[in-house]
>>> print(open('entry_26.csv').read())   # CSV, C-alpha atoms
chain,number,residue,atom,x,y,z
A,1,MET,CA,-23.1,-7.0,13.5
A,2,ARG,CA,-20.3,-9.6,13.6
A,3,ILE,CA,-17.8,-10.5,10.8
A,4,GLU,CA,-16.4,-14.0,10.7
A,5,ARG,CA,-13.8,-15.4,8.3
A,6,ARG,CA,-15.2,-18.2,6.1
A,7,LEU,CA,-13.5,-21.5,6.6
A,8,ARG,CA,-14.8,-22.7,3.2
A,9,GLN,CA,-15.9,-20.4,0.4
A,10,PRO,CA,-19.2,-21.5,-1.3
A,11,TRP,CA,-18.5,-22.2,-4.9
A,12,TRP,CA,-21.4,-20.0,-6.1
A,13,LEU,CA,-20.0,-16.9,-4.4
A,14,VAL,CA,-17.0,-16.7,-6.7
A,15,PRO,CA,-18.9,-15.9,-9.9
A,16,VAL,CA,-21.9,-14.2,-8.4
A,17,VAL,CA,-20.2,-11.6,-6.1
A,18,PRO,CA,-18.1,-9.9,-8.9
A,19,VAL,CA,-21.2,-9.6,-11.2
A,20,VAL,CA,-23.3,-8.2,-8.4
A,21,SER,CA,-20.5,-5.8,-7.4
A,22,ILE,CA,-20.1,-4.4,-10.9
A,23,ALA,CA,-23.9,-4.1,-11.3
A,24,PHE,CA,-24.0,-2.2,-8.0
A,25,ALA,CA,-21.2,0.0,-9.2
A,26,LEU,CA,-23.0,0.8,-12.5
A,27,ALA,CA,-26.1,1.7,-10.5
A,28,LEU,CA,-24.1,4.1,-8.4
A,29,GLY,CA,-22.5,5.4,-11.6
A,30,GLY,CA,-26.0,6.0,-13.0
A,31,LEU,CA,-26.9,7.9,-9.8
A,32,VAL,CA,-23.8,10.1,-10.3
A,33,LEU,CA,-24.7,10.7,-13.9
A,34,LEU,CA,-28.2,11.7,-12.9
A,35,LEU,CA,-27.0,14.1,-10.2
A,36,THR,CA,-24.7,15.7,-12.7
A,37,GLY,CA,-27.5,16.3,-15.2
A,38,HIS,CA,-26.9,13.3,-17.5
A,39,GLN,CA,-29.5,10.7,-18.4
A,40,PRO,CA,-28.0,7.4,-17.2
A,41,LEU,CA,-29.3,5.0,-19.8
A,42,HIS,CA,-28.5,7.3,-22.7
A,43,SER,CA,-25.0,8.0,-21.3
A,44,PHE,CA,-24.2,4.3,-20.8
A,45,ARG,CA,-25.4,3.6,-24.3
A,46,ARG,CA,-23.1,6.4,-25.6
A,47,LEU,CA,-20.2,4.9,-23.6
A,48,PHE,CA,-20.9,1.4,-25.0
A,49,ASP,CA,-21.2,2.6,-28.6
A,50,ALA,CA,-18.0,4.7,-28.3
A,51,ALA,CA,-16.1,1.8,-26.8
A,52,PHE,CA,-17.1,-1.2,-28.9
A,53,LEU,CA,-19.6,-0.4,-31.7
A,54,ALA,CA,-18.6,2.8,-33.5
A,55,ASN,CA,-16.4,2.7,-36.5
A,56,GLY,CA,-12.8,1.9,-35.4
A,57,ALA,CA,-13.8,1.8,-31.8
A,58,LEU,CA,-12.7,-1.8,-31.2
A,59,SER,CA,-9.2,-1.0,-32.6
A,60,ASP,CA,-8.9,2.0,-30.3
A,61,THR,CA,-10.1,-0.1,-27.4
A,62,VAL,CA,-7.4,-2.7,-28.0
A,63,VAL,CA,-4.8,0.1,-28.1
A,64,SER,CA,-6.0,1.3,-24.6
A,65,ALA,CA,-6.3,-2.3,-23.3
A,66,THR,CA,-2.8,-3.5,-24.3
A,67,PRO,CA,-0.7,-1.6,-21.7
A,68,LEU,CA,-3.4,-2.3,-19.1
A,69,ALA,CA,-3.1,-6.0,-19.7
A,70,PHE,CA,0.7,-5.9,-19.1
A,71,THR,CA,0.5,-3.8,-16.0
A,72,GLY,CA,-2.5,-5.7,-14.7
A,73,LEU,CA,-0.6,-9.0,-15.2
A,74,ALA,CA,2.5,-7.5,-13.5
A,75,ALA,CA,0.4,-6.5,-10.4
A,76,ALA,CA,-1.4,-9.9,-10.4
A,77,VAL,CA,1.9,-11.9,-10.4
A,78,ALA,CA,3.1,-10.1,-7.3
A,79,PHE,CA,-0.2,-10.0,-5.5
A,80,ARG,CA,-0.6,-13.8,-5.8
A,81,MET,CA,2.3,-14.0,-3.3
A,82,ASN,CA,1.0,-11.1,-1.2
A,83,LEU,CA,3.7,-8.8,-2.5
A,84,PHE,CA,2.2,-5.4,-3.3
A,85,ASN,CA,4.2,-4.2,-6.3
A,86,ILE,CA,2.9,-0.6,-6.8
A,87,GLY,CA,5.8,0.1,-9.1
A,88,GLY,CA,4.3,-1.1,-12.4
A,89,GLU,CA,4.1,2.5,-13.6
A,90,GLY,CA,7.9,3.1,-13.1
A,91,GLN,CA,8.7,-0.4,-14.5
A,92,LEU,CA,6.8,0.4,-17.6
A,93,TYR,CA,8.8,3.6,-18.0
A,94,ALA,CA,12.0,1.6,-17.5
A,95,GLY,CA,11.0,-0.9,-20.2
A,96,ALA,CA,10.1,2.0,-22.6
A,97,ILE,CA,13.5,3.5,-22.0
A,98,THR,CA,15.5,0.3,-22.6
A,99,GLY,CA,13.2,-0.8,-25.4
A,100,ALA,CA,13.6,2.5,-27.3
A,101,THR,CA,17.4,2.5,-26.8
A,102,VAL,CA,17.8,-1.0,-28.3
A,103,GLY,CA,15.4,-0.1,-31.1
A,104,LEU,CA,17.5,2.9,-32.1
A,105,LEU,CA,20.8,1.1,-31.7
A,106,LEU,CA,19.8,-1.9,-33.9
A,107,GLY,CA,18.2,0.2,-36.6
A,108,GLY,CA,19.9,-1.5,-39.5
A,109,THR,CA,19.2,-5.0,-38.2
A,110,PRO,CA,16.4,-7.2,-39.6
A,111,SER,CA,13.0,-6.4,-38.0
A,112,PRO,CA,12.4,-9.7,-36.2
A,113,VAL,CA,15.7,-9.4,-34.5
A,114,VAL,CA,15.1,-5.8,-33.5
A,115,ILE,CA,11.6,-6.6,-32.1
A,116,ALA,CA,12.9,-9.6,-30.2
A,117,CYS,CA,15.7,-7.6,-28.7
A,118,MET,CA,13.3,-4.8,-27.7
A,119,VAL,CA,11.1,-7.3,-25.9
A,120,VAL,CA,14.1,-8.7,-24.0
A,121,ALA,CA,15.5,-5.2,-23.3
A,122,GLY,CA,12.1,-4.0,-22.0
A,123,ALA,CA,11.8,-7.1,-19.8
A,124,ALA,CA,15.3,-6.5,-18.5
A,125,GLY,CA,14.7,-2.9,-17.7
A,126,GLY,CA,11.5,-3.6,-15.8
A,127,ALA,CA,13.0,-6.5,-13.9
A,128,LEU,CA,16.1,-4.5,-12.9
A,129,LEU,CA,13.9,-1.8,-11.4
A,130,ALA,CA,11.6,-4.2,-9.6
A,131,ALA,CA,14.7,-6.0,-8.2
A,132,VAL,CA,15.4,-2.9,-6.0
A,133,PRO,CA,12.2,-3.2,-3.9
A,134,GLY,CA,12.5,-7.0,-4.1
A,135,ILE,CA,16.0,-7.0,-2.6
A,136,LEU,CA,14.9,-4.5,0.1
A,137,ARG,CA,11.9,-6.6,1.0
A,138,ALA,CA,13.7,-10.0,0.9
A,139,PHE,CA,16.9,-9.1,2.8
A,140,PHE,CA,15.9,-6.0,4.9
A,141,SER,CA,12.2,-6.5,5.4
A,142,THR,CA,11.5,-3.1,3.9
A,143,ASN,CA,7.9,-2.4,2.9
A,144,GLU,CA,7.7,-2.9,-0.9
A,145,ILE,CA,4.7,-0.7,-1.3
A,146,ILE,CA,6.7,2.4,-0.3
A,147,THR,CA,9.9,1.6,-2.2
A,148,SER,CA,8.2,0.6,-5.4
A,149,LEU,CA,5.9,3.6,-5.3
A,150,MET,CA,8.7,6.0,-4.8
A,151,LEU,CA,10.7,4.5,-7.7
A,152,ASN,CA,7.8,5.5,-10.0
A,153,TYR,CA,8.6,9.1,-9.4
A,154,VAL,CA,12.3,8.6,-9.7
A,155,VAL,CA,12.1,6.8,-13.1
A,156,GLY,CA,9.4,9.3,-14.2
A,157,LEU,CA,11.9,12.2,-13.6
A,158,VAL,CA,14.7,10.3,-15.4
A,159,LEU,CA,12.3,9.7,-18.3
A,160,GLU,CA,11.6,13.5,-18.6
A,161,TYR,CA,15.3,14.3,-18.2
A,162,LEU,CA,16.3,12.2,-21.1
A,163,ILE,CA,14.0,14.0,-23.5
A,164,PHE,CA,13.4,17.5,-22.1
A,165,ASP,CA,16.4,18.4,-20.0
A,166,SER,CA,19.4,16.8,-21.8
A,167,HIS,CA,20.8,16.0,-25.2
A,168,SER,CA,20.7,12.3,-24.6
A,169,TYR,CA,20.9,9.7,-27.3
A,170,LEU,CA,17.1,9.2,-27.2
A,171,ARG,CA,16.3,12.8,-27.9
A,172,ASP,CA,15.8,14.2,-31.4
A,173,THR,CA,18.2,17.1,-31.7
A,174,SER,CA,18.1,17.6,-35.5
A,175,GLY,CA,16.5,20.8,-36.8
A,176,PHE,CA,15.1,24.0,-35.3
A,177,GLN,CA,11.7,22.4,-34.4
A,178,ALA,CA,13.4,19.7,-32.3
A,179,SER,CA,15.3,22.2,-30.3
A,180,VAL,CA,12.2,24.3,-29.6
A,181,PHE,CA,9.8,21.3,-29.0
A,182,PRO,CA,11.8,18.5,-27.4
A,183,GLN,CA,10.8,15.0,-28.4
A,184,GLY,CA,12.2,11.5,-28.7
A,185,LYS,CA,13.9,10.2,-31.8
A,186,THR,CA,11.5,8.4,-34.2
A,187,LEU,CA,12.3,4.7,-34.2
A,188,PRO,CA,13.4,3.1,-37.5
A,189,ASP,CA,11.0,1.1,-39.5
A,190,SER,CA,12.7,-2.1,-38.5
A,191,ALA,CA,11.7,-1.3,-34.8
A,192,THR,CA,8.0,-0.9,-35.7
A,193,TRP,CA,6.0,-3.9,-34.4
A,194,PRO,CA,3.6,-5.5,-36.9
A,195,SER,CA,-0.1,-5.7,-36.4
A,196,VAL,CA,-2.8,-8.1,-37.8
A,197,THR,CA,-5.9,-6.5,-39.4
A,198,THR,CA,-9.0,-8.6,-39.8
A,199,HIS,CA,-12.5,-7.2,-40.7
A,200,GLY,CA,-11.3,-3.7,-39.9
A,201,LEU,CA,-10.0,-4.7,-36.5
A,202,ALA,CA,-6.3,-4.0,-36.0
A,203,LEU,CA,-4.6,-6.2,-33.4
A,204,PRO,CA,-1.1,-5.1,-32.4
A,205,LEU,CA,1.7,-7.5,-31.7
A,206,GLY,CA,1.8,-6.3,-28.1
A,207,PHE,CA,-1.8,-7.5,-27.5
A,208,PHE,CA,-0.8,-11.0,-28.6
A,209,LEU,CA,2.2,-10.9,-26.4
A,210,ALA,CA,0.0,-9.9,-23.4
A,211,ILE,CA,-2.2,-13.0,-24.1
A,212,GLY,CA,1.0,-15.1,-24.3
A,213,VAL,CA,2.2,-13.7,-21.0
A,214,ALA,CA,-1.2,-14.6,-19.5
A,215,VAL,CA,-0.9,-18.2,-20.7
A,216,PHE,CA,2.7,-18.3,-19.3
A,217,VAL,CA,1.7,-17.0,-15.9
A,218,TRP,CA,-1.2,-19.4,-15.7
A,219,GLY,CA,1.0,-22.4,-16.5
A,220,LEU,CA,3.8,-21.1,-14.2
A,221,TYR,CA,1.5,-20.6,-11.2
A,222,GLY,CA,-0.9,-23.5,-11.8
A,223,ARG,CA,1.3,-26.3,-13.1
A,224,THR,CA,4.8,-25.9,-11.7
A,225,ARG,CA,6.6,-26.4,-8.4
A,226,PHE,CA,7.6,-22.7,-8.5
A,227,GLY,CA,3.9,-21.7,-8.5
A,228,PHE,CA,3.1,-24.1,-5.7
A,229,GLU,CA,5.8,-22.7,-3.5
A,230,VAL,CA,4.7,-19.1,-4.3
A,231,GLN,CA,1.2,-20.0,-3.3
A,232,VAL,CA,2.4,-21.6,0.0
A,233,ILE,CA,4.7,-18.6,0.9
A,234,GLY,CA,1.9,-16.2,0.0
A,235,ASP,CA,-0.5,-17.9,2.4
A,236,SER,CA,2.1,-18.3,5.2
A,237,ALA,CA,5.7,-17.4,4.9
A,238,ARG,CA,6.4,-19.2,8.2
A,239,ALA,CA,5.0,-22.4,6.7
A,240,GLY,CA,7.1,-22.0,3.6
A,241,ARG,CA,10.3,-21.6,5.7
A,242,TYR,CA,9.4,-24.6,7.8
A,243,ALA,CA,9.0,-26.7,4.6
A,244,GLY,CA,12.5,-25.6,3.5
A,245,MET,CA,11.4,-23.2,0.8
A,246,ARG,CA,13.8,-20.3,0.0
A,247,THR,CA,11.5,-17.4,0.6
A,248,ARG,CA,14.0,-14.7,-0.1
A,249,ARG,CA,14.8,-16.1,-3.5
A,250,LYS,CA,11.1,-16.5,-4.3
A,251,ILE,CA,10.4,-12.9,-3.3
A,252,LEU,CA,13.1,-11.6,-5.5
A,253,ALA,CA,12.1,-13.9,-8.4
A,254,VAL,CA,8.4,-12.9,-8.2
A,255,MET,CA,9.2,-9.1,-8.1
A,256,CYS,CA,11.6,-9.4,-11.1
A,257,LEU,CA,9.0,-11.4,-13.0
A,258,SER,CA,6.4,-8.7,-12.2
A,259,GLY,CA,8.7,-5.9,-13.3
A,260,ALA,CA,9.7,-7.8,-16.5
A,261,ILE,CA,6.0,-8.1,-17.6
A,262,ALA,CA,5.4,-4.3,-17.0
A,263,GLY,CA,8.7,-3.6,-18.9
A,264,ILE,CA,7.5,-5.5,-21.9
A,265,GLY,CA,4.4,-3.3,-21.8
A,266,GLY,CA,6.8,-0.3,-22.0
A,267,ALA,CA,8.6,-1.7,-25.0
A,268,SER,CA,5.2,-2.3,-26.6
A,269,GLN,CA,4.4,1.3,-26.2
A,270,ASP,CA,7.5,2.2,-28.2
A,271,GLY,CA,7.1,-0.4,-31.0
A,272,ASP,CA,3.3,-0.7,-31.3
A,273,PHE,CA,1.9,2.8,-30.8
A,274,ARG,CA,4.2,5.7,-30.1
A,275,HIS,CA,7.3,4.8,-32.2
A,276,GLN,CA,9.4,7.1,-30.0
A,277,LEU,CA,10.1,7.6,-26.3
A,278,ASP,CA,7.2,9.8,-25.2
A,279,PRO,CA,7.6,11.0,-21.6
A,280,ARG,CA,4.5,13.2,-21.5
A,281,GLY,CA,2.2,10.6,-23.0
A,282,LEU,CA,3.4,7.8,-20.8
A,283,ARG,CA,3.2,9.8,-17.6
A,284,GLN,CA,-0.3,11.2,-18.3
A,285,SER,CA,-1.7,7.8,-19.1
A,286,ASN,CA,-1.2,6.3,-15.6
A,287,TYR,CA,-1.1,2.7,-17.0
A,288,GLY,CA,0.7,1.3,-14.0
A,289,TYR,CA,-1.9,2.5,-11.5
A,290,THR,CA,-4.8,1.5,-13.6
A,291,GLY,CA,-3.2,-1.9,-13.9
A,292,ILE,CA,-3.7,-2.4,-10.1
A,293,VAL,CA,-7.4,-1.8,-10.6
A,294,VAL,CA,-7.4,-4.4,-13.4
A,295,ALA,CA,-5.6,-7.0,-11.3
A,296,ALA,CA,-8.0,-6.4,-8.3
A,297,LEU,CA,-11.1,-6.7,-10.5
A,298,ALA,CA,-9.8,-9.9,-12.1
A,299,ARG,CA,-9.0,-11.4,-8.6
A,300,TYR,CA,-5.4,-12.0,-9.9
A,301,ASN,CA,-6.5,-14.5,-12.6
A,302,PRO,CA,-4.3,-14.0,-15.6
A,303,PHE,CA,-7.0,-14.7,-18.2
A,304,ALA,CA,-9.5,-12.5,-16.4
A,305,VAL,CA,-6.8,-9.7,-16.3
A,306,VAL,CA,-6.8,-9.6,-20.1
A,307,LEU,CA,-10.6,-9.5,-20.2
A,308,ILE,CA,-10.9,-6.8,-17.6
A,309,ALA,CA,-8.2,-4.8,-19.3
A,310,PHE,CA,-10.2,-5.0,-22.5
A,311,LEU,CA,-13.4,-3.8,-20.7
A,312,LEU,CA,-11.6,-0.9,-18.9
A,313,GLY,CA,-9.7,-0.1,-22.0
A,314,GLY,CA,-13.1,0.3,-23.7
A,315,LEU,CA,-14.3,2.5,-20.9
A,316,THR,CA,-11.2,4.7,-21.2
A,317,ASN,CA,-11.4,4.9,-24.9
A,318,ALA,CA,-15.1,5.9,-24.7
A,319,GLY,CA,-14.1,8.7,-22.2
A,320,TYR,CA,-11.5,10.1,-24.6
A,321,THR,CA,-14.0,9.9,-27.5
A,322,LEU,CA,-17.0,11.5,-25.7
A,323,GLN,CA,-15.2,14.1,-23.6
A,324,GLY,CA,-16.4,17.6,-24.1
A,325,ALA,CA,-18.5,20.3,-22.5
A,326,ASP,CA,-21.5,17.9,-22.3
A,327,PHE,CA,-19.6,14.9,-21.0
A,328,PRO,CA,-16.5,15.6,-18.8
A,329,ALA,CA,-13.8,12.9,-19.0
A,330,GLY,CA,-13.7,12.9,-15.2
A,331,LEU,CA,-17.0,11.1,-15.1
A,332,VAL,CA,-15.4,8.0,-16.7
A,333,GLY,CA,-12.8,8.1,-13.9
A,334,VAL,CA,-15.5,8.3,-11.3
A,335,ILE,CA,-17.2,5.2,-12.8
A,336,GLN,CA,-13.9,3.3,-12.9
A,337,GLY,CA,-13.3,4.2,-9.2
A,338,LEU,CA,-16.8,3.0,-8.2
A,339,ILE,CA,-16.2,-0.3,-10.0
A,340,LEU,CA,-13.0,-0.8,-8.1
A,341,PHE,CA,-14.4,0.1,-4.7
A,342,CYS,CA,-17.5,-2.1,-5.2
A,343,ALA,CA,-15.4,-5.0,-6.5
A,344,LEU,CA,-13.1,-4.8,-3.5
A,345,GLY,CA,-16.0,-4.4,-1.2
A,346,GLY,CA,-17.5,-7.6,-2.7
A,347,GLU,CA,-14.4,-9.5,-1.6
A,348,LEU,CA,-15.6,-9.0,2.0
A,349,PHE,CA,-18.6,-11.3,1.3
A,350,VAL,CA,-16.4,-13.9,-0.4
A,351,ARG,CA,-13.8,-14.1,2.4
A,352,TYR,CA,-16.0,-13.3,5.4
A,353,ARG,CA,-19.5,-14.1,6.7
A,354,VAL,CA,-21.5,-11.1,8.0
A,355,ARG,CA,-23.8,-11.9,10.9
A,356,PHE,CA,-26.4,-9.6,12.4
A,357,ALA,CA,-27.0,-10.3,16.1
A,358,TRP,CA,-29.9,-8.6,17.9
>>> encode(input="entry_26.csv", output="structure tokens")
Amino acid sequence: MRIERRLRQPWWLVPVVPVVSIAFALALGGLVLLLTGHQPLHSFRRLFDAAFLANGALSDTVVSATPLAFTGLAAAVAFRMNLFNIGGEGQLYAGAITGATVGLLLGGTPSPVVIACMVVAGAAGGALLAAVPGILRAFFSTNEIITSLMLNYVVGLVLEYLIFDSHSYLRDTSGFQASVFPQGKTLPDSATWPSVTTHGLALPLGFFLAIGVAVFVWGLYGRTRFGFEVQVIGDSARAGRYAGMRTRRKILAVMCLSGAIAGIGGASQDGDFRHQLDPRGLRQSNYGYTGIVVAALARYNPFAVVLIAFLLGGLTNAGYTLQGADFPAGLVGVIQGLILFCALGGELFVRYRVRFAW
């Protein structure tokens, strides 16, 4: 067997391979269900109903999909330049911290002003955290995978310290219950983000922001000089330097943009859903790591990221709904993992030609 890199990718491979990969992953998932004593077709029907058809299922799916869209877009923005930002998890935490702080500080201000400031603060928090691995990569050639990943744990510990191990401004310290069961202060009504309800489907403001960010990223990378230079540097940093492009500045800018998008996702968690800084809920959700899966499945296309986030959000929501003695939640994680591995394996057939020589 010999593997050769394709000089030109056939146009039909781009749409066909992802579809075949996901179908193969579902077939493997069906095999796993069968081996664990579950009827595959019945289980898949239950998953689909719980994700999209049951009463209120679509609204819950949008809730699960919104943070995945932000972290998926954050990962896709960096990956397009061959920068592996694994720190979306920590950058989302940072955005949640700064967003909640601003929401509490501006409690008496009109709601549109508070919401706008929370978005800006969330973006700033995520961008500042992402700037650390960005600077280390740009000026000291430090591997951004390691630095961004380690910062996830650092910010996660800071997040828990603010609520569980200190009497910070973000912690609710009023009353006996608050002292026994630590939790974040409830955000004022002016910091609650609005939602649009149509035909029983509730669409939070954060979901619309994610779609707006996807449009912005598409325009930035596909219609501007900045996007062209990012593409060139991502394909060959040496060619970019030879053409006079400022690679260090672009690395730092892309990392900060990636972190800012994840940070807005953290602010959305405060304003749209949790209405307080919730360390345990944020850390248990693993939105940043799942966002990497979303970006990989979408092949870093911003619009596809939103679609894949919606589909995986539905799968996650179905897992929460159906989990029980007869359907462990871990099975949903297994199916998600199979989809990721098969999708990434399908990239082999897009980028390379496999020849069998006898």
>>> closest_residue(input="entry_26.csv", among="A:Pro15, A:Val62, A:Met81, A:Thr101", to="Ser236 in chain A", atoms="all atoms listed in the file")
A:Met81
>>> residues_around(input="entry_26.csv", residues="Gly319 in chain A", least_positions_apart="4", cutoff="7 Å", atoms="only C-alpha atoms", output="PDB file with C-alpha atoms, in the frame of the given file")
ATOM      1  CA  LEU A 315     -14.300   2.500 -20.900  1.00  0.00           C
ATOM      2  CA  GLN A 323     -15.200  14.100 -23.600  1.00  0.00           C
ATOM      3  CA  ALA A 329     -13.800  12.900 -19.000  1.00  0.00           C
ATOM      4  CA  VAL A 332     -15.400   8.000 -16.700  1.00  0.00           C
TER       5      VAL A 332
END
>>> closest_atom_pairs(input="entry_26.csv", of="range 47-135 of chain A", to="range 251-274 of chain A", cutoff="8 Å", atoms="all atoms listed in the file", output="JSON lines")
{"residue": "A:Val63", "atom": "CA", "partner": "A:Phe273", "partner_atom": "CA", "distance": 7.7}
{"residue": "A:Thr66", "atom": "CA", "partner": "A:Gly265", "partner_atom": "CA", "distance": 7.6}
{"residue": "A:Pro67", "atom": "CA", "partner": "A:Gly265", "partner_atom": "CA", "distance": 5.4}
{"residue": "A:Phe70", "atom": "CA", "partner": "A:Gly265", "partner_atom": "CA", "distance": 5.3}
{"residue": "A:Thr71", "atom": "CA", "partner": "A:Ala262", "partner_atom": "CA", "distance": 5.0}
{"residue": "A:Leu73", "atom": "CA", "partner": "A:Ile261", "partner_atom": "CA", "distance": 7.1}
{"residue": "A:Ala74", "atom": "CA", "partner": "A:Ser258", "partner_atom": "CA", "distance": 4.3}
{"residue": "A:Ala75", "atom": "CA", "partner": "A:Ser258", "partner_atom": "CA", "distance": 6.6}
{"residue": "A:Val77", "atom": "CA", "partner": "A:Ser258", "partner_atom": "CA", "distance": 5.8}
{"residue": "A:Ala78", "atom": "CA", "partner": "A:Val254", "partner_atom": "CA", "distance": 6.1}
{"residue": "A:Met81", "atom": "CA", "partner": "A:Val254", "partner_atom": "CA", "distance": 7.9}
{"residue": "A:Leu83", "atom": "CA", "partner": "A:Met255", "partner_atom": "CA", "distance": 7.9}
{"residue": "A:Asn85", "atom": "CA", "partner": "A:Met255", "partner_atom": "CA", "distance": 7.2}
{"residue": "A:Gly87", "atom": "CA", "partner": "A:Gly259", "partner_atom": "CA", "distance": 7.9}
{"residue": "A:Gly88", "atom": "CA", "partner": "A:Ala262", "partner_atom": "CA", "distance": 5.7}
{"residue": "A:Glu89", "atom": "CA", "partner": "A:Ala262", "partner_atom": "CA", "distance": 7.7}
{"residue": "A:Gln91", "atom": "CA", "partner": "A:Gly263", "partner_atom": "CA", "distance": 5.4}
{"residue": "A:Leu92", "atom": "CA", "partner": "A:Gly266", "partner_atom": "CA", "distance": 4.5}
{"residue": "A:Tyr93", "atom": "CA", "partner": "A:Gly266", "partner_atom": "CA", "distance": 5.9}
{"residue": "A:Ala94", "atom": "CA", "partner": "A:Gly263", "partner_atom": "CA", "distance": 6.3}
{"residue": "A:Gly95", "atom": "CA", "partner": "A:Gly263", "partner_atom": "CA", "distance": 3.8}
{"residue": "A:Ala96", "atom": "CA", "partner": "A:Gly266", "partner_atom": "CA", "distance": 4.1}
{"residue": "A:Ile97", "atom": "CA", "partner": "A:Gly266", "partner_atom": "CA", "distance": 7.7}
{"residue": "A:Thr98", "atom": "CA", "partner": "A:Ala267", "partner_atom": "CA", "distance": 7.6}
{"residue": "A:Gly99", "atom": "CA", "partner": "A:Ala267", "partner_atom": "CA", "distance": 4.7}
{"residue": "A:Ala100", "atom": "CA", "partner": "A:Asp270", "partner_atom": "CA", "distance": 6.2}
{"residue": "A:Ile115", "atom": "CA", "partner": "A:Gly271", "partner_atom": "CA", "distance": 7.7}
{"residue": "A:Met118", "atom": "CA", "partner": "A:Ala267", "partner_atom": "CA", "distance": 6.2}
{"residue": "A:Val119", "atom": "CA", "partner": "A:Ile264", "partner_atom": "CA", "distance": 5.7}
{"residue": "A:Val120", "atom": "CA", "partner": "A:Ile264", "partner_atom": "CA", "distance": 7.6}
{"residue": "A:Ala121", "atom": "CA", "partner": "A:Ala267", "partner_atom": "CA", "distance": 7.9}
{"residue": "A:Gly122", "atom": "CA", "partner": "A:Gly263", "partner_atom": "CA", "distance": 4.6}
{"residue": "A:Ala123", "atom": "CA", "partner": "A:Ala260", "partner_atom": "CA", "distance": 4.0}
{"residue": "A:Ala124", "atom": "CA", "partner": "A:Ala260", "partner_atom": "CA", "distance": 6.1}
{"residue": "A:Gly125", "atom": "CA", "partner": "A:Gly263", "partner_atom": "CA", "distance": 6.2}
{"residue": "A:Gly126", "atom": "CA", "partner": "A:Gly263", "partner_atom": "CA", "distance": 4.2}
{"residue": "A:Ala127", "atom": "CA", "partner": "A:Cys256", "partner_atom": "CA", "distance": 4.3}
{"residue": "A:Leu128", "atom": "CA", "partner": "A:Cys256", "partner_atom": "CA", "distance": 6.9}
{"residue": "A:Leu129", "atom": "CA", "partner": "A:Gly259", "partner_atom": "CA", "distance": 6.9}
{"residue": "A:Ala130", "atom": "CA", "partner": "A:Gly259", "partner_atom": "CA", "distance": 5.0}
{"residue": "A:Ala131", "atom": "CA", "partner": "A:Cys256", "partner_atom": "CA", "distance": 5.4}
{"residue": "A:Pro133", "atom": "CA", "partner": "A:Met255", "partner_atom": "CA", "distance": 7.8}
{"residue": "A:Gly134", "atom": "CA", "partner": "A:Leu252", "partner_atom": "CA", "distance": 4.8}
{"residue": "A:Ile135", "atom": "CA", "partner": "A:Leu252", "partner_atom": "CA", "distance": 6.2}
>>> atom_distance(input="entry_26.csv", atom1="CA of Gly234 in chain A", atom2="CA of Ala214 in chain A")
19.8 Å
>>> atom_distance(input="entry_26.csv", atom1="CA of Met150 in chain A", atom2="CA of Arg280 in chain A")
18.7 Å
>>> residues_around(input="entry_26.csv", residues="Tyr300 in chain A", least_positions_apart="5", cutoff="9 Å", atoms="all atoms listed in the file", output="list in words")
Gly72, Leu73, Ala75, Ala76, Val77, Phe79, Arg80, Val294, Ala295 and Val305 of chain A
>>> atom_distance(input="entry_26.csv", atom1="CA of Pro188 in chain A", atom2="CA of Gly108 in chain A")
8.2 Å
>>> closest_residue(input="entry_26.csv", among="A:Gln183, A:Thr61, A:Thr109, A:Ser174", to="Ala318 in chain A", atoms="all atoms listed in the file")
A:Thr61
>>> closest_residue(input="entry_26.csv", among="A:Asn301, A:Ala296, A:Leu149, A:Ser166", to="Gly219 in chain A", atoms="all atoms listed in the file")
A:Asn301
>>> closest_atom_pairs(input="entry_26.csv", of="range 33-91 of chain A", to="range 306-312 of chain A", cutoff="6 Å", atoms="only C-alpha atoms", output="Markdown table")
| residue | atom | partner | partner_atom | distance |
| --- | --- | --- | --- | --- |
| A:Ala65 | CA | A:Phe310 | CA | 4.8 |
| A:Leu68 | CA | A:Ala309 | CA | 5.4 |
| A:Ala69 | CA | A:Val306 | CA | 5.2 |
